[in-house]
$ cat query-v9.txt   # compact mmCIF, C-alpha atoms
# COMPACT_ATOMS: atom_id res chain seq x y z
CA MET S 63 -4.09 -16.46 11.44
CA ARG S 64 -0.58 -15.39 12.34
CA VAL S 65 1.88 -13.02 10.71
CA ARG S 66 5.45 -14.26 10.53
CA ASP S 67 8.69 -13.72 8.66
CA ALA S 68 8.57 -15.13 5.15
CA SER S 69 11.13 -17.72 4.11
CA ARG S 70 12.30 -19.23 0.86
CA ILE S 71 9.84 -22.11 1.29
CA ASP S 72 6.99 -19.59 0.99
CA ALA S 73 8.14 -18.44 -2.46
CA ALA S 74 5.72 -20.63 -4.46
CA ALA S 75 2.71 -19.46 -2.43
CA ILE S 76 3.86 -15.83 -2.66
CA ALA S 77 4.31 -16.18 -6.43
CA ALA S 78 0.82 -17.67 -6.80
CA ILE S 79 -0.78 -14.83 -4.81
CA TYR S 80 1.13 -12.22 -6.80
CA ALA S 81 0.38 -13.90 -10.15
CA HIS S 82 -3.33 -13.38 -9.61
CA HIS S 83 -2.78 -9.67 -9.00
CA VAL S 84 -0.48 -9.38 -12.02
CA GLU S 85 -2.86 -11.18 -14.35
CA HIS S 86 -6.18 -9.78 -13.11
CA GLY S 87 -5.63 -6.56 -11.19
CA LEU S 88 -4.12 -3.12 -11.16
CA ALA S 89 -2.44 -3.27 -7.74
CA THR S 90 0.79 -3.93 -9.62
CA PHE S 91 1.89 -2.63 -12.97
CA GLU S 92 3.86 -5.77 -13.76
CA GLU S 93 2.37 -7.52 -16.76
CA ALA S 94 4.15 -10.89 -16.63
CA SER S 95 3.98 -13.05 -13.51
CA PRO S 96 7.39 -13.77 -11.98
CA SER S 97 8.33 -17.34 -11.14
CA ALA S 98 8.67 -18.72 -7.63
CA GLY S 99 12.44 -18.52 -8.10
CA GLU S 100 12.21 -14.83 -8.99
CA MET S 101 10.01 -14.17 -5.96
CA ALA S 102 12.49 -16.04 -3.73
CA GLY S 103 15.20 -13.74 -5.08
CA ARG S 104 13.10 -10.67 -4.31
CA LEU S 105 12.48 -11.96 -0.80
CA GLU S 106 16.20 -12.48 -0.26
CA GLU S 107 17.02 -9.03 -1.66
CA VAL S 108 14.63 -7.37 0.80
CA THR S 109 15.68 -9.36 3.85
CA ALA S 110 19.40 -8.98 3.03
CA LYS S 111 18.86 -5.25 3.64
CA GLY S 112 17.43 -6.05 7.08
CA LEU S 113 13.93 -5.11 5.95
CA PRO S 114 10.72 -7.00 6.76
CA PHE S 115 9.12 -9.48 4.36
CA LEU S 116 6.13 -11.09 6.08
CA VAL S 117 3.44 -13.65 5.37
CA ALA S 118 0.05 -14.14 6.99
CA GLU S 119 -0.62 -17.80 7.53
CA GLY S 120 -3.83 -19.59 8.43
CA ALA S 121 -4.65 -23.29 8.51
CA GLY S 122 -1.18 -24.04 7.17
CA GLU S 123 -1.43 -21.89 4.05
CA VAL S 124 -0.12 -18.48 3.09
CA LEU S 125 -3.08 -16.09 2.87
CA GLY S 126 -1.14 -12.94 2.05
CA TYR S 127 2.23 -11.30 2.18
CA GLY S 128 3.84 -7.91 2.42
CA TYR S 129 7.22 -6.29 2.57
CA CYS S 130 8.96 -2.96 2.75
CA ALA S 131 11.73 -1.92 0.40
CA PRO S 132 13.67 1.31 -0.03
CA TYR S 133 11.46 4.05 -1.45
CA ARG S 134 14.28 5.23 -3.72
CA THR S 135 17.94 4.28 -4.04
CA ARG S 136 19.59 7.70 -3.62
CA SER S 137 21.12 8.16 -0.17
CA ALA S 138 18.92 11.08 0.91
CA TYR S 139 15.92 8.71 0.80
CA ARG S 140 17.57 6.27 3.24
CA PHE S 141 14.96 6.85 5.98
CA ALA S 142 11.94 6.26 3.70
CA LEU S 143 10.47 2.91 2.70
CA GLU S 144 7.67 1.77 0.40
CA ASP S 145 5.23 -0.94 1.45
CA SER S 146 3.63 -3.64 -0.69
CA VAL S 147 0.81 -5.89 0.54
CA TYR S 148 -1.02 -8.62 -1.39
CA VAL S 149 -3.81 -10.94 -0.22
CA ARG S 150 -4.78 -14.29 -1.73
CA GLU S 151 -7.82 -14.13 -3.97
CA GLY S 152 -10.98 -15.06 -2.05
CA HIS S 153 -9.55 -13.95 1.29
CA HIS S 154 -10.07 -10.20 1.08
CA ARG S 155 -11.89 -8.21 3.76
CA LYS S 156 -10.90 -10.67 6.50
CA GLY S 157 -8.27 -8.49 8.17
CA ILE S 158 -5.31 -10.18 6.49
CA GLY S 159 -3.98 -7.09 4.72
CA ARG S 160 -4.51 -5.01 7.86
CA ALA S 161 -2.58 -7.50 10.02
CA ILE S 162 0.31 -7.57 7.55
CA LEU S 163 0.48 -3.79 7.12
CA ALA S 164 0.26 -3.15 10.89
CA ALA S 165 3.12 -5.60 11.46
CA LEU S 166 5.18 -3.93 8.72
CA ILE S 167 4.64 -0.51 10.31
CA ALA S 168 5.74 -1.79 13.71
CA ARG S 169 8.84 -3.46 12.26
CA CYS S 170 9.85 -0.36 10.30
CA GLU S 171 9.41 1.88 13.33
CA ALA S 172 11.61 -0.48 15.37
CA LEU S 173 14.25 -0.17 12.64
CA ASN S 174 14.13 3.65 13.02
CA TYR S 175 12.81 4.44 9.57
CA ARG S 176 10.90 7.72 9.43
CA GLN S 177 8.47 7.60 6.49
CA LEU S 178 6.44 4.85 4.85
CA VAL S 179 5.09 5.44 1.36
CA ALA S 180 2.34 3.52 -0.42
CA VAL S 181 2.24 3.63 -4.21
CA ILE S 182 -1.24 2.26 -4.92
CA GLY S 183 -2.07 1.17 -8.44
CA ASP S 184 -5.40 2.51 -9.73
CA SER S 185 -7.01 5.55 -8.13
CA GLY S 186 -10.22 3.50 -7.94
CA HIS S 187 -8.65 0.85 -5.69
CA GLN S 188 -10.66 1.86 -2.63
CA PRO S 189 -9.90 -1.24 -0.52
CA SER S 190 -6.16 -0.50 -0.54
CA ILE S 191 -6.64 3.25 -0.16
CA GLY S 192 -9.00 2.63 2.77
CA LEU S 193 -6.69 0.12 4.40
CA HIS S 194 -3.77 2.53 4.29
CA ALA S 195 -5.91 5.44 5.54
CA SER S 196 -7.17 3.33 8.46
CA LEU S 197 -3.56 2.84 9.57
CA GLY S 198 -2.60 6.50 9.47
CA PHE S 199 -1.56 7.09 5.87
CA VAL S 200 -2.64 10.32 4.20
CA ARG S 201 -3.02 10.96 0.52
CA ALA S 202 0.05 12.75 -0.82
CA GLY S 203 -1.05 12.92 -4.43
CA VAL S 204 -2.13 11.15 -7.60
CA LEU S 205 0.04 10.48 -10.62
CA ARG S 206 -2.43 10.51 -13.50
CA SER S 207 -2.20 7.91 -16.27
CA VAL S 208 1.36 6.79 -15.49
CA GLY S 209 0.60 3.14 -16.30
CA TYR S 210 -1.06 1.42 -19.21
CA LYS S 211 -2.48 -2.03 -18.44
CA PHE S 212 -5.43 -4.03 -19.69
CA GLY S 213 -5.97 -1.56 -22.52
CA ARG S 214 -6.41 1.53 -20.38
CA TRP S 215 -4.45 4.28 -18.66
CA VAL S 216 -4.05 3.79 -14.92
CA ASP S 217 -3.24 6.25 -12.13
CA THR S 218 -1.22 5.66 -9.00
CA VAL S 219 -2.20 7.08 -5.64
CA LEU S 220 0.63 8.14 -3.36
CA MET S 221 -0.01 7.87 0.37
CA GLN S 222 2.41 8.50 3.20
CA ARG S 223 2.68 7.79 6.91
CA PRO S 224 5.29 9.00 9.36
CA LEU S 225 7.08 6.35 11.39
CA GLY S 226 8.18 7.00 14.96
CA SER S 227 8.94 10.71 15.32
CA GLY S 228 8.77 11.14 11.52
CA ASP S 229 10.38 14.42 10.53
CA GLY S 230 9.99 15.85 14.04
CA THR S 231 13.59 15.06 14.97
CA ARG S 232 16.85 14.51 13.16
CA PRO S 233 17.70 10.89 12.36
$ encode --input "query-v9.txt" --output "structure tokens"
Amino acid sequence: MRVRDASRIDAAAIAAIYAHHVEHGLATFEEASPSAGEMAGRLEEVTAKGLPFLVAEGAGEVLGYGYCAPYRTRSAYRFALEDSVYVREGHHRKGIGRAILAALIARCEALNYRQLVAVIGDSGHQPSIGLHASLGFVRAGVLRSVGYKFGRWVDTVLMQRPLGSGDGTRP
């Protein structure tokens, strides 16, 4: 397996991975799966900002993807990013998400960002919470019942990790 920059030709595979999570999981609060064209647009929007959008590839297929986008749009948040990582169904617990997230962290540190935030759908989503914790994220809080999907209220867990010198020095 290798982690590399995503490109437009990966859009269909990325859309298929994401569609499974949209239709069957709580990692995302989207309720309608975006098309490959929409995912290509999202990829281009992220990379146009100079931010990383990566795929993990093995045996010629995309096994997972992840990216970092601005945490919020107001200028004071300009040193904080939010990560998103998704793994193809049937390929969990093989180190794919960890490889993607570790590469995202390294890229964001090299770009001199200072904080990385994870907004994890479903407070019961222990694999994602554990993955983030294993790479230095700490729980910052829980937003109770902020989503409603699959006929039930769903929490989000906020986790945070400093990048580089974090808030120890001025940007």
$ closest_residue --input "query-v9.txt" --among "S:Arg134, S:Arg70, S:Arg140, S:Arg64" --to "Arg176 (chain S)" --atoms "all atoms listed in the file"
S:Arg140
$ atom_distance --input "query-v9.txt" --atom1 "CA of Ala180 (chain S)" --atom2 "CA of Gln222 (chain S)"
6.2 Å
$ axis_aligned_box --input "query-v9.txt" --around "region 186-205 of chain S" --padding-each-side "5 Å" --output "JSON"
{"center_x": -5.3, "center_y": 5.8, "center_z": -0.5, "size_x": 20.7, "size_y": 24.2, "size_z": 30.2}
$ atom_distance --input "query-v9.txt" --atom1 "CA of Phe199 (chain S)" --atom2 "CA of Val124 (chain S)"
25.8 Å
$ residues_around --input "query-v9.txt" --residues "region 188-197 of chain S" --least-positions-apart "6" --cutoff "8 Å" --atoms "all atoms listed in the file" --output "ChimeraX atom specification"
/S:159-160,164,180,182,221
$ residues_near_point --input "query-v9.txt" --point "(4.6, 9.0, 13.6)" --cutoff "10 Å" --atoms "all atoms listed in the file" --output "PyMOL selection string"
chain S and resi 171+176-178+198+223-230
$ atom_distance --input "query-v9.txt" --atom1 "CA of Tyr80 (chain S)" --atom2 "CA of Ser97 (chain S)"
9.8 Å
$ residues_around --input "query-v9.txt" --residues "Val181 (chain S)" --least-positions-apart "2" --cutoff "9 Å" --atoms "all atoms listed in the file" --output "PyMOL selection string"
chain S and resi 144-146+179+183+218-222
$ residues_around --input "query-v9.txt" --residues "region 107-114 of chain S" --least-positions-apart "2" --cutoff "7 Å" --atoms "all atoms listed in the file" --output "PyMOL selection string"
chain S and resi 103-105+116+129-131+166+169
$ write_last_selection --input "query-v9.txt" --atoms "C-alpha atoms" --output "mmCIF file, keeping the file's coordinate frame"
data_model
loop_
_atom_site.group_PDB
_atom_site.id
_atom_site.type_symbol
_atom_site.label_atom_id
_atom_site.label_comp_id
_atom_site.auth_asym_id
_atom_site.auth_seq_id
_atom_site.Cartn_x
_atom_site.Cartn_y
_atom_site.Cartn_z
ATOM 1 C CA GLY S 103 15.200 -13.740 -5.080
ATOM 2 C CA ARG S 104 13.100 -10.670 -4.310
ATOM 3 C CA LEU S 105 12.480 -11.960 -0.800
ATOM 4 C CA LEU S 116 6.130 -11.090 6.080
ATOM 5 C CA TYR S 129 7.220 -6.290 2.570
ATOM 6 C CA CYS S 130 8.960 -2.960 2.750
ATOM 7 C CA ALA S 131 11.730 -1.920 0.400
ATOM 8 C CA LEU S 166 5.180 -3.930 8.720
ATOM 9 C CA ARG S 169 8.840 -3.460 12.260
#
